[in-house]
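**Student:** Provided herewith is a single structure, encoded as structure tokens, for subsequent inquiry.
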Amino acid sequence: MFSSGLSMIPHFEKRAKGGEDAAYSNDNLLSVADGVGGWAESGVDPAIYSKKLCKLIGELYETRDDRYLA
């Protein structure tokens with residue numbers, strides 16, 4: 001177990017959507033996803049991807065579904 005905290009400070013130009021990076025944290029797990037800004041040039045919103053990834057990591061951890069643990 002560890003103690004952690006999160007603070008997201010997005011780039012000034014990306015603050016309207018909360019930035020492109022994401023994180024999930026609890027007493028036993030810390031995950032961080034760096035949104036790849038270059039994806040925007042290909043029409044992919046890096047904020048959606050990184051935030052969804054961290055959300056799913058948290059959900060999988062909380063449910064402890066062994067099908068996804070290797």
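Chains: A, B, ... in order of the structure tokens. Residues: from 1 per chain. Ligands: from 1, in order shown.
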How would you write, as a list in words, the set of residues in segment 13-60 of chain A that DSSP gives as alpha helix (DSSP H)?
**Tutor:** Pro46, Ala47, Ile48, Tyr49, Ser50, Lys51, Lys52, Leu53, Cys54, Lys55, Leu56, Ile57, Gly58, Glu59 and Leu60 of chain A
**Student:** Output N, CA and C atoms for every residue in the selection just made, as an mmCIF file, in the first residue's frame.
**Tutor:**
data_model
loop_
_atom_site.group_PDB
_atom_site.id
_atom_site.type_symbol
_atom_site.label_atom_id
_atom_site.label_comp_id
_atom_site.auth_asym_id
_atom_site.auth_seq_id
_atom_site.Cartn_x
_atom_site.Cartn_y
_atom_site.Cartn_z
ATOM 1 N N PRO A 46 -6.280 12.819 -28.493
ATOM 2 C CA PRO A 46 -5.473 12.089 -27.519
ATOM 3 C C PRO A 46 -6.057 12.135 -26.111
ATOM 4 N N ALA A 47 -6.841 13.153 -25.799
ATOM 5 C CA ALA A 47 -7.444 13.245 -24.470
ATOM 6 C C ALA A 47 -8.458 12.131 -24.258
ATOM 7 N N ILE A 48 -9.260 11.856 -25.260
ATOM 8 C CA ILE A 48 -10.268 10.796 -25.140
ATOM 9 C C ILE A 48 -9.583 9.459 -24.910
ATOM 10 N N TYR A 49 -8.537 9.178 -25.672
ATOM 11 C CA TYR A 49 -7.846 7.896 -25.566
ATOM 12 C C TYR A 49 -7.211 7.711 -24.188
ATOM 13 N N SER A 50 -6.427 8.695 -23.729
ATOM 14 C CA SER A 50 -5.719 8.539 -22.457
ATOM 15 C C SER A 50 -6.685 8.472 -21.277
ATOM 16 N N LYS A 51 -7.740 9.259 -21.309
ATOM 17 C CA LYS A 51 -8.704 9.249 -20.203
ATOM 18 C C LYS A 51 -9.492 7.947 -20.164
ATOM 19 N N LYS A 52 -9.895 7.442 -21.321
ATOM 20 C CA LYS A 52 -10.618 6.167 -21.372
ATOM 21 C C LYS A 52 -9.705 5.023 -20.918
ATOM 22 N N LEU A 53 -8.441 5.050 -21.330
ATOM 23 C CA LEU A 53 -7.494 4.011 -20.933
ATOM 24 C C LEU A 53 -7.363 3.949 -19.410
ATOM 25 N N CYS A 54 -7.155 5.086 -18.766
ATOM 26 C CA CYS A 54 -7.012 5.094 -17.310
ATOM 27 C C CYS A 54 -8.312 4.701 -16.615
ATOM 28 N N LYS A 55 -9.435 5.109 -17.173
ATOM 29 C CA LYS A 55 -10.727 4.718 -16.602
ATOM 30 C C LYS A 55 -10.887 3.200 -16.644
ATOM 31 N N LEU A 56 -10.567 2.585 -17.769
ATOM 32 C CA LEU A 56 -10.689 1.133 -17.900
ATOM 33 C C LEU A 56 -9.704 0.389 -16.994
ATOM 34 N N ILE A 57 -8.494 0.902 -16.859
ATOM 35 C CA ILE A 57 -7.522 0.291 -15.954
ATOM 36 C C ILE A 57 -8.087 0.282 -14.536
ATOM 37 N N GLY A 58 -8.650 1.401 -14.114
ATOM 38 C CA GLY A 58 -9.241 1.482 -12.782
ATOM 39 C C GLY A 58 -10.407 0.525 -12.609
ATOM 40 N N GLU A 59 -11.270 0.439 -13.615
ATOM 41 C CA GLU A 59 -12.418 -0.460 -13.542
ATOM 42 C C GLU A 59 -11.972 -1.918 -13.483
ATOM 43 N N LEU A 60 -10.993 -2.285 -14.290
ATOM 44 C CA LEU A 60 -10.499 -3.658 -14.266
ATOM 45 C C LEU A 60 -9.863 -3.988 -12.919
#
**Student:** Check the smallest atom-to-atom distance from each of A:Val32, A:Leu6, A:Glu20, A:Asn26 to Val44 of chain A using only C-alpha atoms, then report the winner.
**Tutor:**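 Closest candidate: A:Glu20.
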**Student:** Per DSSP on the backbone, filter chain A down to the residues in strand (DSSP E or B) and report them as a ChimeraX atom specification.
**Tutor:** /A:22-25,30-33
**Student:** Keeping only N, CA and C atoms, write the selected residues as a PDB file, in the first residue's frame.
**Tutor:**
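Below you can see result_2.pdb, which holds the result:
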ATOM      1  N   ALA A  22      -3.825  11.668 -18.554  1.00  0.00           N
ATOM      2  CA  ALA A  22      -4.770  11.117 -17.583  1.00  0.00           C
ATOM      3  C   ALA A  22      -4.029  10.256 -16.576  1.00  0.00           C
ATOM      4  N   ALA A  23      -4.707   9.979 -15.461  1.00  0.00           N
ATOM      5  CA  ALA A  23      -4.122   9.122 -14.434  1.00  0.00           C
ATOM      6  C   ALA A  23      -5.229   8.475 -13.623  1.00  0.00           C
ATOM      7  N   TYR A  24      -4.882   7.352 -13.023  1.00  0.00           N
ATOM      8  CA  TYR A  24      -5.769   6.657 -12.087  1.00  0.00           C
ATOM      9  C   TYR A  24      -4.925   6.275 -10.881  1.00  0.00           C
ATOM     10  N   SER A  25      -5.489   6.440  -9.695  1.00  0.00           N
ATOM     11  CA  SER A  25      -4.732   6.142  -8.491  1.00  0.00           C
ATOM     12  C   SER A  25      -5.652   5.613  -7.403  1.00  0.00           C
ATOM     13  N   LEU A  30      -1.142   2.830  -9.387  1.00  0.00           N
ATOM     14  CA  LEU A  30      -0.999   4.150 -10.003  1.00  0.00           C
ATOM     15  C   LEU A  30      -0.769   3.927 -11.486  1.00  0.00           C
ATOM     16  N   SER A  31      -1.612   4.506 -12.318  1.00  0.00           N
ATOM     17  CA  SER A  31      -1.405   4.419 -13.763  1.00  0.00           C
ATOM     18  C   SER A  31      -1.431   5.831 -14.339  1.00  0.00           C
ATOM     19  N   VAL A  32      -0.577   6.064 -15.309  1.00  0.00           N
ATOM     20  CA  VAL A  32      -0.476   7.367 -15.962  1.00  0.00           C
ATOM     21  C   VAL A  32      -0.448   7.148 -17.464  1.00  0.00           C
ATOM     22  N   ALA A  33      -1.245   7.924 -18.191  1.00  0.00           N
ATOM     23  CA  ALA A  33      -1.267   7.845 -19.648  1.00  0.00           C
ATOM     24  C   ALA A  33      -0.958   9.229 -20.209  1.00  0.00           C
TER      25      ALA A  33
END
**Student:** Near Pro10 of chain A, within 9 Å and counting only C-alpha atoms, which residues show up once chain neighbours fewer than 3 positions away are dropped, as number ranges by chain?
**Tutor:** A: 13-21
**Student:** I need the chosen residues saved as a PDB file, in the first residue's frame, with N, CA, C and O atoms.
**Tutor:**
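Contents of again_21.pdb, freshly written:
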ATOM      1  N   GLU A  13      -3.006  25.974 -23.618  1.00  0.00           N
ATOM      2  CA  GLU A  13      -3.845  25.879 -24.821  1.00  0.00           C
ATOM      3  C   GLU A  13      -4.781  24.675 -24.807  1.00  0.00           C
ATOM      4  O   GLU A  13      -5.685  24.581 -25.617  1.00  0.00           O
ATOM      5  N   LYS A  14      -4.557  23.733 -23.883  1.00  0.00           N
ATOM      6  CA  LYS A  14      -5.362  22.507 -23.837  1.00  0.00           C
ATOM      7  C   LYS A  14      -6.231  22.422 -22.587  1.00  0.00           C
ATOM      8  O   LYS A  14      -6.895  21.425 -22.360  1.00  0.00           O
ATOM      9  N   ARG A  15      -6.251  23.480 -21.798  1.00  0.00           N
ATOM     10  CA  ARG A  15      -6.960  23.429 -20.520  1.00  0.00           C
ATOM     11  C   ARG A  15      -8.479  23.383 -20.668  1.00  0.00           C
ATOM     12  O   ARG A  15      -9.159  22.885 -19.785  1.00  0.00           O
ATOM     13  N   ALA A  16      -9.033  23.863 -21.779  1.00  0.00           N
ATOM     14  CA  ALA A  16     -10.488  23.853 -21.959  1.00  0.00           C
ATOM     15  C   ALA A  16     -11.047  22.436 -21.913  1.00  0.00           C
ATOM     16  O   ALA A  16     -12.151  22.213 -21.418  1.00  0.00           O
ATOM     17  N   LYS A  17     -10.274  21.461 -22.403  1.00  0.00           N
ATOM     18  CA  LYS A  17     -10.747  20.071 -22.361  1.00  0.00           C
ATOM     19  C   LYS A  17     -10.056  19.273 -21.257  1.00  0.00           C
ATOM     20  O   LYS A  17     -10.159  18.061 -21.208  1.00  0.00           O
ATOM     21  N   GLY A  18      -9.351  19.951 -20.378  1.00  0.00           N
ATOM     22  CA  GLY A  18      -8.707  19.273 -19.250  1.00  0.00           C
ATOM     23  C   GLY A  18      -7.361  18.673 -19.581  1.00  0.00           C
ATOM     24  O   GLY A  18      -6.837  17.864 -18.831  1.00  0.00           O
ATOM     25  N   GLY A  19      -6.797  19.038 -20.697  1.00  0.00           N
ATOM     26  CA  GLY A  19      -5.509  18.493 -21.100  1.00  0.00           C
ATOM     27  C   GLY A  19      -5.657  17.185 -21.839  1.00  0.00           C
ATOM     28  O   GLY A  19      -6.765  16.715 -22.101  1.00  0.00           O
ATOM     29  N   GLU A  20      -4.520  16.575 -22.191  1.00  0.00           N
ATOM     30  CA  GLU A  20      -4.516  15.328 -22.953  1.00  0.00           C
ATOM     31  C   GLU A  20      -4.029  14.139 -22.141  1.00  0.00           C
ATOM     32  O   GLU A  20      -4.100  13.012 -22.592  1.00  0.00           O
ATOM     33  N   ASP A  21      -3.543  14.387 -20.942  1.00  0.00           N
ATOM     34  CA  ASP A  21      -2.993  13.324 -20.114  1.00  0.00           C
ATOM     35  C   ASP A  21      -4.047  12.849 -19.110  1.00  0.00           C
ATOM     36  O   ASP A  21      -5.031  13.531 -18.852  1.00  0.00           O
TER      37      ASP A  21
END
**Student:** Please report the interatomic distance between atom CA of Leu29 of chain A and atom CA of Thr63 of chain A in Å with one decimal.
**Tutor:**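 Atom-to-atom, atom CA of Leu29 of chain A and atom CA of Thr63 of chain A are spaced 13.3 Å apart.
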**Student:** One decimal, in Å: what's the spacing between atom CA of Gly35 of chain A and atom CA of Arg64 of chain A?
**Tutor:** 25.6 Å
